Amino acid sequence: MTAKGQVTLRREVLEHLGVAPGDRITVDFLPTGAVEIRAAKAPGSIEDFIGCLKRPGTPTLSIDQINDVIAQGWAGTR
């Protein structure tokens, strides 16, 4: 540890996290006294989300069909 409190992580740790120079990591302090280090992933954009539920070979539902499925789900019938 440096005088500034900085810690250097070994290359194998950084590779395991999938981070590169300039990337960010997050550190969580656990109640047990341990810490958890993770790669800080940038939040996705709406463009990343659109189409994520698309299943090849299945028909596209209309808005009315989607609303029917939602209503059945809320009613507990689906």
# chains A, B, ... in the order shown; residues from 1 in each chain; ligands from 1
>>> residues_around(residues="A:Arg24", least_positions_apart="6", cutoff="10 Å", atoms="only C-alpha atoms", output="PDB file with C-alpha atoms, in the first residue's frame")
ATOM      1  CA  ARG A  38     -16.010  -5.911  -9.233  1.00  0.00           C
ATOM      2  CA  ALA A  39     -15.625  -4.340 -12.617  1.00  0.00           C
ATOM      3  CA  ALA A  40     -17.855  -1.256 -12.759  1.00  0.00           C
ATOM      4  CA  LYS A  41     -19.871  -1.683 -15.901  1.00  0.00           C
ATOM      5  CA  ALA A  42     -21.393   1.369 -17.495  1.00  0.00           C
TER       6      ALA A  42
END
>>> select_by_dssp(residues="chain A", states="alpha helix (DSSP H)", output="PyMOL selection string")
chain A and resi 11-17+46-49+63-75
>>> write_last_selection(atoms="N, CA and C atoms", output="PDB file, in the first residue's frame")
ATOM      1  N   ARG A  11      -1.862  -8.339 -12.210  1.00  0.00           N
ATOM      2  CA  ARG A  11      -2.408  -8.429 -13.561  1.00  0.00           C
ATOM      3  C   ARG A  11      -3.458  -9.531 -13.657  1.00  0.00           C
ATOM      4  N   GLU A  12      -3.205 -10.673 -13.022  1.00  0.00           N
ATOM      5  CA  GLU A  12      -4.162 -11.781 -13.113  1.00  0.00           C
ATOM      6  C   GLU A  12      -5.508 -11.418 -12.486  1.00  0.00           C
ATOM      7  N   VAL A  13      -5.493 -10.585 -11.456  1.00  0.00           N
ATOM      8  CA  VAL A  13      -6.747 -10.135 -10.837  1.00  0.00           C
ATOM      9  C   VAL A  13      -7.495  -9.231 -11.810  1.00  0.00           C
ATOM     10  N   LEU A  14      -6.784  -8.301 -12.415  1.00  0.00           N
ATOM     11  CA  LEU A  14      -7.403  -7.381 -13.371  1.00  0.00           C
ATOM     12  C   LEU A  14      -7.947  -8.130 -14.581  1.00  0.00           C
ATOM     13  N   GLU A  15      -7.206  -9.120 -15.056  1.00  0.00           N
ATOM     14  CA  GLU A  15      -7.681  -9.925 -16.181  1.00  0.00           C
ATOM     15  C   GLU A  15      -8.930 -10.698 -15.793  1.00  0.00           C
ATOM     16  N   HIS A  16      -8.945 -11.241 -14.585  1.00  0.00           N
ATOM     17  CA  HIS A  16     -10.121 -11.974 -14.112  1.00  0.00           C
ATOM     18  C   HIS A  16     -11.348 -11.063 -14.059  1.00  0.00           C
ATOM     19  N   LEU A  17     -11.148  -9.816 -13.651  1.00  0.00           N
ATOM     20  CA  LEU A  17     -12.241  -8.850 -13.595  1.00  0.00           C
ATOM     21  C   LEU A  17     -12.636  -8.353 -14.981  1.00  0.00           C
ATOM     22  N   ILE A  46     -30.834   2.398 -23.736  1.00  0.00           N
ATOM     23  CA  ILE A  46     -32.101   1.835 -24.203  1.00  0.00           C
ATOM     24  C   ILE A  46     -31.878   1.053 -25.502  1.00  0.00           C
ATOM     25  N   GLU A  47     -30.898   1.468 -26.277  1.00  0.00           N
ATOM     26  CA  GLU A  47     -30.602   0.749 -27.513  1.00  0.00           C
ATOM     27  C   GLU A  47     -30.101  -0.664 -27.213  1.00  0.00           C
ATOM     28  N   ASP A  48     -29.375  -0.822 -26.107  1.00  0.00           N
ATOM     29  CA  ASP A  48     -28.918  -2.152 -25.718  1.00  0.00           C
ATOM     30  C   ASP A  48     -30.085  -3.036 -25.295  1.00  0.00           C
ATOM     31  N   PHE A  49     -31.116  -2.428 -24.726  1.00  0.00           N
ATOM     32  CA  PHE A  49     -32.260  -3.184 -24.226  1.00  0.00           C
ATOM     33  C   PHE A  49     -33.214  -3.602 -25.333  1.00  0.00           C
ATOM     34  N   ILE A  63     -49.491  -4.724 -29.867  1.00  0.00           N
ATOM     35  CA  ILE A  63     -49.675  -4.022 -28.594  1.00  0.00           C
ATOM     36  C   ILE A  63     -50.873  -4.607 -27.847  1.00  0.00           C
ATOM     37  N   ASP A  64     -51.957  -4.894 -28.573  1.00  0.00           N
ATOM     38  CA  ASP A  64     -53.147  -5.473 -27.928  1.00  0.00           C
ATOM     39  C   ASP A  64     -52.832  -6.838 -27.319  1.00  0.00           C
ATOM     40  N   GLN A  65     -52.069  -7.661 -28.027  1.00  0.00           N
ATOM     41  CA  GLN A  65     -51.694  -8.969 -27.502  1.00  0.00           C
ATOM     42  C   GLN A  65     -50.803  -8.832 -26.263  1.00  0.00           C
ATOM     43  N   ILE A  66     -49.885  -7.902 -26.301  1.00  0.00           N
ATOM     44  CA  ILE A  66     -49.013  -7.655 -25.148  1.00  0.00           C
ATOM     45  C   ILE A  66     -49.844  -7.205 -23.948  1.00  0.00           C
ATOM     46  N   ASN A  67     -50.784  -6.288 -24.179  1.00  0.00           N
ATOM     47  CA  ASN A  67     -51.647  -5.817 -23.091  1.00  0.00           C
ATOM     48  C   ASN A  67     -52.488  -6.946 -22.516  1.00  0.00           C
ATOM     49  N   ASP A  68     -52.959  -7.865 -23.369  1.00  0.00           N
ATOM     50  CA  ASP A  68     -53.728  -9.021 -22.891  1.00  0.00           C
ATOM     51  C   ASP A  68     -52.869  -9.905 -21.988  1.00  0.00           C
ATOM     52  N   VAL A  69     -51.632 -10.156 -22.382  1.00  0.00           N
ATOM     53  CA  VAL A  69     -50.729 -10.973 -21.574  1.00  0.00           C
ATOM     54  C   VAL A  69     -50.460 -10.287 -20.229  1.00  0.00           C
ATOM     55  N   ILE A  70     -50.265  -8.977 -20.255  1.00  0.00           N
ATOM     56  CA  ILE A  70     -50.036  -8.232 -19.016  1.00  0.00           C
ATOM     57  C   ILE A  70     -51.250  -8.334 -18.105  1.00  0.00           C
ATOM     58  N   ALA A  71     -52.435  -8.156 -18.675  1.00  0.00           N
ATOM     59  CA  ALA A  71     -53.667  -8.219 -17.880  1.00  0.00           C
ATOM     60  C   ALA A  71     -53.839  -9.614 -17.271  1.00  0.00           C
ATOM     61  N   GLN A  72     -53.534 -10.655 -18.030  1.00  0.00           N
ATOM     62  CA  GLN A  72     -53.633 -12.021 -17.504  1.00  0.00           C
ATOM     63  C   GLN A  72     -52.629 -12.242 -16.372  1.00  0.00           C
ATOM     64  N   GLY A  73     -51.451 -11.674 -16.531  1.00  0.00           N
ATOM     65  CA  GLY A  73     -50.437 -11.800 -15.484  1.00  0.00           C
ATOM     66  C   GLY A  73     -50.863 -11.121 -14.194  1.00  0.00           C
ATOM     67  N   TRP A  74     -51.406  -9.912 -14.316  1.00  0.00           N
ATOM     68  CA  TRP A  74     -51.869  -9.196 -13.118  1.00  0.00           C
ATOM     69  C   TRP A  74     -53.058  -9.893 -12.477  1.00  0.00           C
ATOM     70  N   ALA A  75     -53.902 -10.551 -13.299  1.00  0.00           N
ATOM     71  CA  ALA A  75     -55.072 -11.248 -12.779  1.00  0.00           C
ATOM     72  C   ALA A  75     -54.695 -12.605 -12.180  1.00  0.00           C
TER      73      ALA A  75
END
>>> select_by_dssp(residues="chain A", states="strand (DSSP E)", output="ChimeraX atom specification")
/A:25-29,35-39
>>> write_last_selection(atoms="C-alpha atoms", output="compact mmCIF listing (two decimals), in the first residue's frame")
# COMPACT_ATOMS: atom_id res chain seq x y z
CA ILE A 25 -13.83 -0.95 -10.46
CA THR A 26 -16.21 -0.89 -7.50
CA VAL A 27 -15.42 -1.98 -3.97
CA ASP A 28 -18.15 -3.12 -1.58
CA PHE A 29 -17.49 -3.43 2.12
CA VAL A 35 -14.38 -6.50 0.58
CA GLU A 36 -15.79 -7.40 -2.81
CA ILE A 37 -14.12 -5.99 -5.93
CA ARG A 38 -16.01 -5.91 -9.23
CA ALA A 39 -15.62 -4.34 -12.62
>>> atom_distance(atom1="atom CA of A:Thr8", atom2="atom CA of A:Ala34")
17.5 Å
>>> decode(residues="stretch 1-76 of chain A", atoms="C-alpha atoms", output="PDB file, in the first residue's frame")
ATOM      1  CA  MET A   1       0.000   0.000   0.000  1.00  0.00           C
ATOM      2  CA  THR A   2       1.273   3.442  -0.858  1.00  0.00           C
ATOM      3  CA  ALA A   3       1.371   6.420   1.506  1.00  0.00           C
ATOM      4  CA  LYS A   4      -1.792   7.670  -0.253  1.00  0.00           C
ATOM      5  CA  GLY A   5      -3.606   4.424   0.563  1.00  0.00           C
ATOM      6  CA  GLN A   6      -3.487   3.158  -3.011  1.00  0.00           C
ATOM      7  CA  VAL A   7      -3.239  -0.559  -3.682  1.00  0.00           C
ATOM      8  CA  THR A   8      -1.842  -2.195  -6.811  1.00  0.00           C
ATOM      9  CA  LEU A   9      -3.707  -5.266  -8.054  1.00  0.00           C
ATOM     10  CA  ARG A  10      -1.881  -8.065  -9.831  1.00  0.00           C
ATOM     11  CA  ARG A  11      -2.408  -8.429 -13.561  1.00  0.00           C
ATOM     12  CA  GLU A  12      -4.162 -11.781 -13.113  1.00  0.00           C
ATOM     13  CA  VAL A  13      -6.747 -10.135 -10.837  1.00  0.00           C
ATOM     14  CA  LEU A  14      -7.403  -7.381 -13.371  1.00  0.00           C
ATOM     15  CA  GLU A  15      -7.681  -9.925 -16.181  1.00  0.00           C
ATOM     16  CA  HIS A  16     -10.121 -11.974 -14.112  1.00  0.00           C
ATOM     17  CA  LEU A  17     -12.241  -8.850 -13.595  1.00  0.00           C
ATOM     18  CA  GLY A  18     -12.033  -8.058 -17.301  1.00  0.00           C
ATOM     19  CA  VAL A  19     -10.756  -4.540 -16.733  1.00  0.00           C
ATOM     20  CA  ALA A  20      -8.160  -2.592 -18.658  1.00  0.00           C
ATOM     21  CA  PRO A  21      -6.261   0.628 -17.994  1.00  0.00           C
ATOM     22  CA  GLY A  22      -8.768   3.463 -17.583  1.00  0.00           C
ATOM     23  CA  ASP A  23     -11.649   1.158 -16.576  1.00  0.00           C
ATOM     24  CA  ARG A  24     -13.299   1.560 -13.208  1.00  0.00           C
ATOM     25  CA  ILE A  25     -13.831  -0.953 -10.456  1.00  0.00           C
ATOM     26  CA  THR A  26     -16.213  -0.894  -7.501  1.00  0.00           C
ATOM     27  CA  VAL A  27     -15.419  -1.976  -3.968  1.00  0.00           C
ATOM     28  CA  ASP A  28     -18.152  -3.115  -1.584  1.00  0.00           C
ATOM     29  CA  PHE A  29     -17.494  -3.434   2.124  1.00  0.00           C
ATOM     30  CA  LEU A  30     -19.169  -6.572   3.471  1.00  0.00           C
ATOM     31  CA  PRO A  31     -20.434  -6.949   7.047  1.00  0.00           C
ATOM     32  CA  THR A  32     -17.919  -9.751   7.617  1.00  0.00           C
ATOM     33  CA  GLY A  33     -15.028  -7.329   7.219  1.00  0.00           C
ATOM     34  CA  ALA A  34     -14.233  -8.596   3.726  1.00  0.00           C
ATOM     35  CA  VAL A  35     -14.382  -6.504   0.577  1.00  0.00           C
ATOM     36  CA  GLU A  36     -15.793  -7.403  -2.813  1.00  0.00           C
ATOM     37  CA  ILE A  37     -14.120  -5.995  -5.928  1.00  0.00           C
ATOM     38  CA  ARG A  38     -16.010  -5.911  -9.233  1.00  0.00           C
ATOM     39  CA  ALA A  39     -15.625  -4.340 -12.617  1.00  0.00           C
ATOM     40  CA  ALA A  40     -17.855  -1.256 -12.759  1.00  0.00           C
ATOM     41  CA  LYS A  41     -19.871  -1.683 -15.901  1.00  0.00           C
ATOM     42  CA  ALA A  42     -21.393   1.369 -17.495  1.00  0.00           C
ATOM     43  CA  PRO A  43     -25.177   1.331 -17.360  1.00  0.00           C
ATOM     44  CA  GLY A  44     -26.675   0.103 -20.600  1.00  0.00           C
ATOM     45  CA  SER A  45     -28.552   2.311 -22.965  1.00  0.00           C
ATOM     46  CA  ILE A  46     -32.101   1.835 -24.203  1.00  0.00           C
ATOM     47  CA  GLU A  47     -30.602   0.749 -27.513  1.00  0.00           C
ATOM     48  CA  ASP A  48     -28.918  -2.152 -25.718  1.00  0.00           C
ATOM     49  CA  PHE A  49     -32.260  -3.184 -24.226  1.00  0.00           C
ATOM     50  CA  ILE A  50     -34.410  -2.993 -27.333  1.00  0.00           C
ATOM     51  CA  GLY A  51     -34.688  -6.403 -28.891  1.00  0.00           C
ATOM     52  CA  CYS A  52     -33.119  -8.275 -25.983  1.00  0.00           C
ATOM     53  CA  LEU A  53     -36.237 -10.436 -25.590  1.00  0.00           C
ATOM     54  CA  LYS A  54     -36.533 -11.246 -29.286  1.00  0.00           C
ATOM     55  CA  ARG A  55     -36.638 -14.979 -29.909  1.00  0.00           C
ATOM     56  CA  PRO A  56     -35.920 -16.055 -33.490  1.00  0.00           C
ATOM     57  CA  GLY A  57     -38.780 -18.039 -34.980  1.00  0.00           C
ATOM     58  CA  THR A  58     -41.462 -16.587 -32.720  1.00  0.00           C
ATOM     59  CA  PRO A  59     -44.122 -14.199 -33.960  1.00  0.00           C
ATOM     60  CA  THR A  60     -44.033 -10.554 -32.979  1.00  0.00           C
ATOM     61  CA  LEU A  61     -46.902  -9.626 -30.661  1.00  0.00           C
ATOM     62  CA  SER A  62     -49.132  -6.638 -31.281  1.00  0.00           C
ATOM     63  CA  ILE A  63     -49.675  -4.022 -28.594  1.00  0.00           C
ATOM     64  CA  ASP A  64     -53.147  -5.473 -27.928  1.00  0.00           C
ATOM     65  CA  GLN A  65     -51.694  -8.969 -27.502  1.00  0.00           C
ATOM     66  CA  ILE A  66     -49.013  -7.655 -25.148  1.00  0.00           C
ATOM     67  CA  ASN A  67     -51.647  -5.817 -23.091  1.00  0.00           C
ATOM     68  CA  ASP A  68     -53.728  -9.021 -22.891  1.00  0.00           C
ATOM     69  CA  VAL A  69     -50.729 -10.973 -21.574  1.00  0.00           C
ATOM     70  CA  ILE A  70     -50.036  -8.232 -19.016  1.00  0.00           C
ATOM     71  CA  ALA A  71     -53.667  -8.219 -17.880  1.00  0.00           C
ATOM     72  CA  GLN A  72     -53.633 -12.021 -17.504  1.00  0.00           C
ATOM     73  CA  GLY A  73     -50.437 -11.800 -15.484  1.00  0.00           C
ATOM     74  CA  TRP A  74     -51.869  -9.196 -13.118  1.00  0.00           C
ATOM     75  CA  ALA A  75     -55.072 -11.248 -12.779  1.00  0.00           C
ATOM     76  CA  GLY A  76     -53.009 -14.329 -11.886  1.00  0.00           C
TER      77      GLY A  76
END
